[in-house]
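Structure record follows, encoded as structure tokens.
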Number of protein chains: 2
Amino acid sequence: MVSEGEAFCPGHVTAFFEVVDDPDPRSKGSRGAGLSLSLGVQTRVRVREAPRPSIDILVNERRQKAEVTQRVVEKLAGSRSFEIKILSETPLPVSQGFGVSAAAALSTALALNDALGQGLPRDELVAVAHETEVECETGLGDVVPASVGGMDLRLRPGAPDRGDVRRIPVRADILLAVLGPEIPTKIVLRDPAKVAAINRAGRPLVDEFSRGPTLERLFDLGNRFAEETGLANRTVLEVIRASRMFGRATMAMLGNSVFAMGNSEHLATLYLKFGTLQRCEVDNEGARVL
Amino acid sequence: MVSEGEAFCPGHVTAFFEVVDDPDPRSKGSRGAGLSLSLGVQTRVRVREAPRPSIDILVNERRQKAEVTQRVVEKLAGSRSFEIKILSETPLPVSQGFGVSAAAALSTALALNDALGQGLPRDELVAVAHETEVECETGLGDVVPASVGGMDLRLRPGAPDRGDVRRIPVRADILLAVLGPEIPTKIVLRDPAKVAAINRAGRPLVDEFSRGPTLERLFDLGNRFAEETGLANRTVLEVIRASRMFGRATMAMLGNSVFAMGNSEHLATLYLKFGTLQRCEVDNEGARVL
């Protein structure tokens, strides 16, 4: 017997953040703020009982390692012998700060739970995806906000039963511009000097944002974070500054990329001088079974 | 001793084509027309003699199978025992009709020949890349035109000593828009009905274009090819038609994508409703050692 499940998880961008360490990956994560995106990862899962278990992951029809997704599947399948096929589709690039590994992992968790008829609580599926993302060092804070959607303010990190994330519904057209090569999150998060700079800049911004979380302030505080941490390279800083004539832009952490709102036509013309461009909206629904 | 080489090969789009079969991959290929792009693949090669040979290919810092490049390296390295590292960088997506596998293969051939100090003639390197692309079924006609640059009219297919490609230098700003999922070239080229439709539509267009090869006509004949072959899906056809208000667009064969020229601002706004966008120019130089 073959059973199927399908789910969508928004992509997610972070404007600024603070790393919060903890020996327990369900409590580890980040405080910060960002946006869930109408572009994300859509995953179909096909499961059949089989004498020998197997996990096959295709992203955009290509066989991929997809470490986070692989581990999430292993955890949820447990010791039962299934042939599991994961088919994820996304228009977003990886390692550019758009939360693709988180969205792939969470959409897979939701779809697989549905296909297996396990009936695990949604919070547990979000927790498994968050914990696995943290273990794999591919991200610290995309899973939980992408699960709820909207503009997010993450006041306490971690899985749903431990963290504190506020969802603020907003409507906005967002441009995503990729301006340079990929940044593997792991390399930044393993550098103690970088983490220190992130936390020094990020902590006060999270507190400031919590006093009045508006879309404009998300961008403005993001600009301060990008400058103060040194995470933005010269092109990213130049593009952020040039964007002020037509709207607002800030760096998508951690990518060589920006997200922006404002006069789309003028912003698009500017960004096309530097890189690859996509348009989307804010997703106010969060991850969902389809 | 470590030796290095570096080369660039333009990406390449084809507007229309005809498949020309031949048992010899150096004579097999396509007749057709297209453009070389200022976006392409830049490859650095590092070689050192080693007791055990190895080939390591990274595209955008990710380890990749990159079948065409792998085979080109095997052919050029011959039986000598080298540790070979291929580092390719590209902003272009794969399997979207932008000739990335061809550009990766040819830039690798040029850079590797330089690093090994083999002094093989340029035409032989182009022939090896063309032949390998044909063998791998990832493309039929990108290597040779990307080697010369400009707008190309391919009158006879195959490697430089057999084919006939005319290079027409043109200046134009080009928009590239990806509108849907990847199309693996192999799947189309293995379908006899599709190849028959391609040849029925393509042959007269190549002849018509050869009577007056202008940039405008490249697009107009490309439009006819996209419609008559049925290769364009509904979104691609819709985008091509909508583009006529602001310029010209046609499908990049074989991708779910278009290339366009005209009023960039208006075209960009249109394309951002459907997908991912990049801007470039025509590359009139062709593949080159750096």
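Chain labels follow the order of the structure tokens: the first chain is A, the next B, and so on; residue numbering restarts at 1 in every chain, and ligands are counted from 1 in their shown order.
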Within 10 Å of Arg62 of chain A using only C-alpha atoms, minus same-chain residues under 2 positions, as a PyMOL selection string: (chain A and resi 57-60+64-65+87-89) or (chain B and resi 182)
If you count only C-alpha atoms, which residues fall within 12 Å of Glu216 of chain A, apart from same-chain ones fewer than 6 positions away, as a compact mmCIF listing (two decimals) with all heavy atoms, in the first residue's frame?
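And here is the file that came out, out21.txt:
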# COMPACT_ATOMS: atom_id res chain seq x y z
N ALA A 15 16.21 39.57 9.63
CA ALA A 15 16.84 40.89 9.47
C ALA A 15 17.96 41.09 10.49
O ALA A 15 18.98 41.69 10.18
CB ALA A 15 15.79 41.99 9.63
N GLY A 34 12.07 38.70 11.55
CA GLY A 34 12.13 38.47 10.11
C GLY A 34 10.76 38.36 9.49
O GLY A 34 9.76 38.78 10.08
N MET A 151 5.20 38.58 9.91
CA MET A 151 6.45 39.14 10.42
C MET A 151 6.60 38.57 11.82
O MET A 151 5.62 38.49 12.57
CB MET A 151 6.36 40.67 10.47
CG MET A 151 7.63 41.31 11.00
SD MET A 151 7.67 43.11 10.72
CE MET A 151 6.50 43.66 11.96
N VAL A 170 1.39 41.06 8.30
CA VAL A 170 1.68 42.27 7.52
C VAL A 170 1.44 41.96 6.05
O VAL A 170 1.51 40.81 5.64
CB VAL A 170 3.14 42.75 7.68
CG1 VAL A 170 3.41 43.31 9.06
CG2 VAL A 170 4.14 41.63 7.38
N ALA A 172 2.86 42.94 2.34
CA ALA A 172 3.90 43.67 1.59
C ALA A 172 4.38 42.84 0.42
O ALA A 172 4.46 41.62 0.51
CB ALA A 172 5.08 44.01 2.51
N PHE A 209 13.24 46.49 18.84
CA PHE A 209 12.15 46.10 17.92
C PHE A 209 10.90 45.70 18.72
O PHE A 209 9.77 46.01 18.32
CB PHE A 209 12.61 44.95 17.03
CG PHE A 209 11.66 44.59 15.93
CD1 PHE A 209 11.36 45.50 14.92
CD2 PHE A 209 11.04 43.34 15.89
CE1 PHE A 209 10.49 45.16 13.88
CE2 PHE A 209 10.17 43.00 14.86
CZ PHE A 209 9.89 43.91 13.86
N GLY A 222 17.55 46.16 10.77
CA GLY A 222 18.34 45.22 9.97
C GLY A 222 19.56 45.89 9.36
O GLY A 222 20.66 45.33 9.33
N ASN A 223 19.39 47.12 8.89
CA ASN A 223 20.51 47.88 8.32
C ASN A 223 21.60 48.10 9.36
O ASN A 223 22.79 47.93 9.08
CB ASN A 223 20.03 49.25 7.82
CG ASN A 223 19.22 49.15 6.52
OD1 ASN A 223 18.81 50.14 5.97
ND2 ASN A 223 18.97 47.94 6.04
N ARG A 244 17.59 53.10 -0.63
CA ARG A 244 16.85 54.09 0.19
C ARG A 244 16.15 55.12 -0.67
O ARG A 244 15.20 55.75 -0.22
CB ARG A 244 17.80 54.76 1.19
CG ARG A 244 18.21 53.75 2.26
CD ARG A 244 18.98 54.34 3.42
NE ARG A 244 19.45 53.22 4.24
CZ ARG A 244 20.68 53.08 4.73
NH1 ARG A 244 21.58 54.02 4.53
NH2 ARG A 244 21.01 52.02 5.45
N GLY A 247 12.88 52.87 -1.49
CA GLY A 247 12.19 52.04 -0.50
C GLY A 247 13.18 51.62 0.57
O GLY A 247 14.04 52.41 0.97
N ARG A 248 13.06 50.39 1.01
CA ARG A 248 13.96 49.89 2.04
C ARG A 248 14.46 48.50 1.67
O ARG A 248 13.69 47.70 1.13
CB ARG A 248 13.22 49.80 3.38
CG ARG A 248 12.99 51.13 4.07
CD ARG A 248 12.19 50.90 5.34
NE ARG A 248 12.31 52.01 6.26
CZ ARG A 248 11.49 53.06 6.25
NH1 ARG A 248 10.53 53.15 5.35
NH2 ARG A 248 11.65 54.03 7.14
N ALA A 249 15.69 48.22 2.02
CA ALA A 249 16.24 46.88 1.80
C ALA A 249 17.14 46.54 2.96
O ALA A 249 17.72 47.42 3.59
CB ALA A 249 17.05 46.84 0.50
N THR A 250 17.27 45.27 3.26
CA THR A 250 18.24 44.85 4.27
C THR A 250 18.73 43.45 3.93
O THR A 250 18.14 42.74 3.11
CB THR A 250 17.66 44.96 5.70
OG1 THR A 250 18.75 44.95 6.63
CG2 THR A 250 16.68 43.84 6.02
N ALA A 260 13.69 43.39 0.12
CA ALA A 260 13.39 44.81 -0.01
C ALA A 260 11.91 45.04 -0.23
O ALA A 260 11.18 44.15 -0.69
CB ALA A 260 14.17 45.38 -1.19
N MET A 261 11.46 46.25 0.10
CA MET A 261 10.11 46.68 -0.25
C MET A 261 10.16 48.13 -0.67
O MET A 261 11.07 48.87 -0.30
CB MET A 261 9.15 46.49 0.92
CG MET A 261 9.50 47.31 2.15
SD MET A 261 8.17 47.25 3.37
CE MET A 261 8.71 48.55 4.49
N GLY A 262 9.18 48.53 -1.48
CA GLY A 262 9.17 49.91 -1.96
C GLY A 262 8.74 49.94 -3.41
O GLY A 262 7.93 49.12 -3.83
Distance cut-off 12 Å, counting only C-alpha atoms - which residues of chain A neighbour chain B? Return them as a VMD selection string. chain A and resid 39 59 to 65 88 to 95 173 to 184 263 to 281
Name the residues in contact with segment 41-44 of chain B at a cut-off of 7 Å, using only C-alpha atoms, excluding same-chain residues fewer than 5 positions from it; report them as an MDAnalysis selection string. chainID B and resid 5:11 86:90 100 103:104 107:108 111
Spatial neighbours of Arg224 of chain A, 9 Å, only C-alpha atoms, chain gap at least 5 places, as a list in words: Phe16, Ala201, Leu205, Phe219 and Thr229 of chain A
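Proximity to Ala115 of chain B was assessed for B:Ser81, B:Gln70, B:Ser147, B:Ser3 counting only C-alpha atoms; the smallest distance is recorded for B:Ser3.
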Per-residue DSSP, segment 129-285 of chain B, filtered to strand (DSSP E or B), as a compact mmCIF listing (two decimals) with C-alpha atoms, in the first residue's frame:
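Produced file result-v3.txt, reproduced below:
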# COMPACT_ATOMS: atom_id res chain seq x y z
CA MET B 151 24.98 36.11 -31.96
CA ASP B 152 25.54 32.81 -33.71
CA LEU B 153 24.15 31.10 -36.75
CA ARG B 154 25.06 27.43 -36.76
CA LEU B 155 24.78 26.20 -40.33
CA ARG B 156 26.48 22.85 -39.91
CA ASP B 164 30.11 25.90 -39.65
CA VAL B 165 29.20 28.59 -37.15
CA ARG B 166 28.94 32.28 -38.03
CA ARG B 167 29.57 34.82 -35.32
CA ILE B 168 27.64 38.08 -35.64
CA ASP B 173 21.09 44.21 -22.80
CA ILE B 174 19.42 40.88 -22.21
CA LEU B 175 17.02 39.84 -19.45
CA LEU B 176 16.89 36.17 -18.46
CA ALA B 177 13.72 35.01 -16.70
CA VAL B 178 13.21 31.54 -15.22
CA GLY B 247 10.27 44.59 -26.47
CA ARG B 248 10.90 41.03 -27.57
CA ALA B 249 11.27 37.75 -25.70
CA THR B 250 11.65 34.16 -26.71
CA MET B 251 12.10 30.80 -25.02
CA SER B 257 12.71 30.28 -19.27
CA VAL B 258 12.88 33.21 -21.69
CA PHE B 259 15.50 35.71 -22.78
CA ALA B 260 14.40 39.19 -23.73
CA MET B 261 15.45 42.64 -24.87
CA GLY B 262 13.61 45.95 -24.84
CA THR B 276 13.44 34.63 -11.20
CA LEU B 277 15.23 37.33 -13.13
CA GLN B 278 18.78 38.18 -14.22
CA ARG B 279 20.28 40.80 -16.49
CA CYS B 280 23.33 40.49 -18.72
CA GLU B 281 24.77 41.51 -22.06
CA VAL B 282 25.77 39.65 -25.18
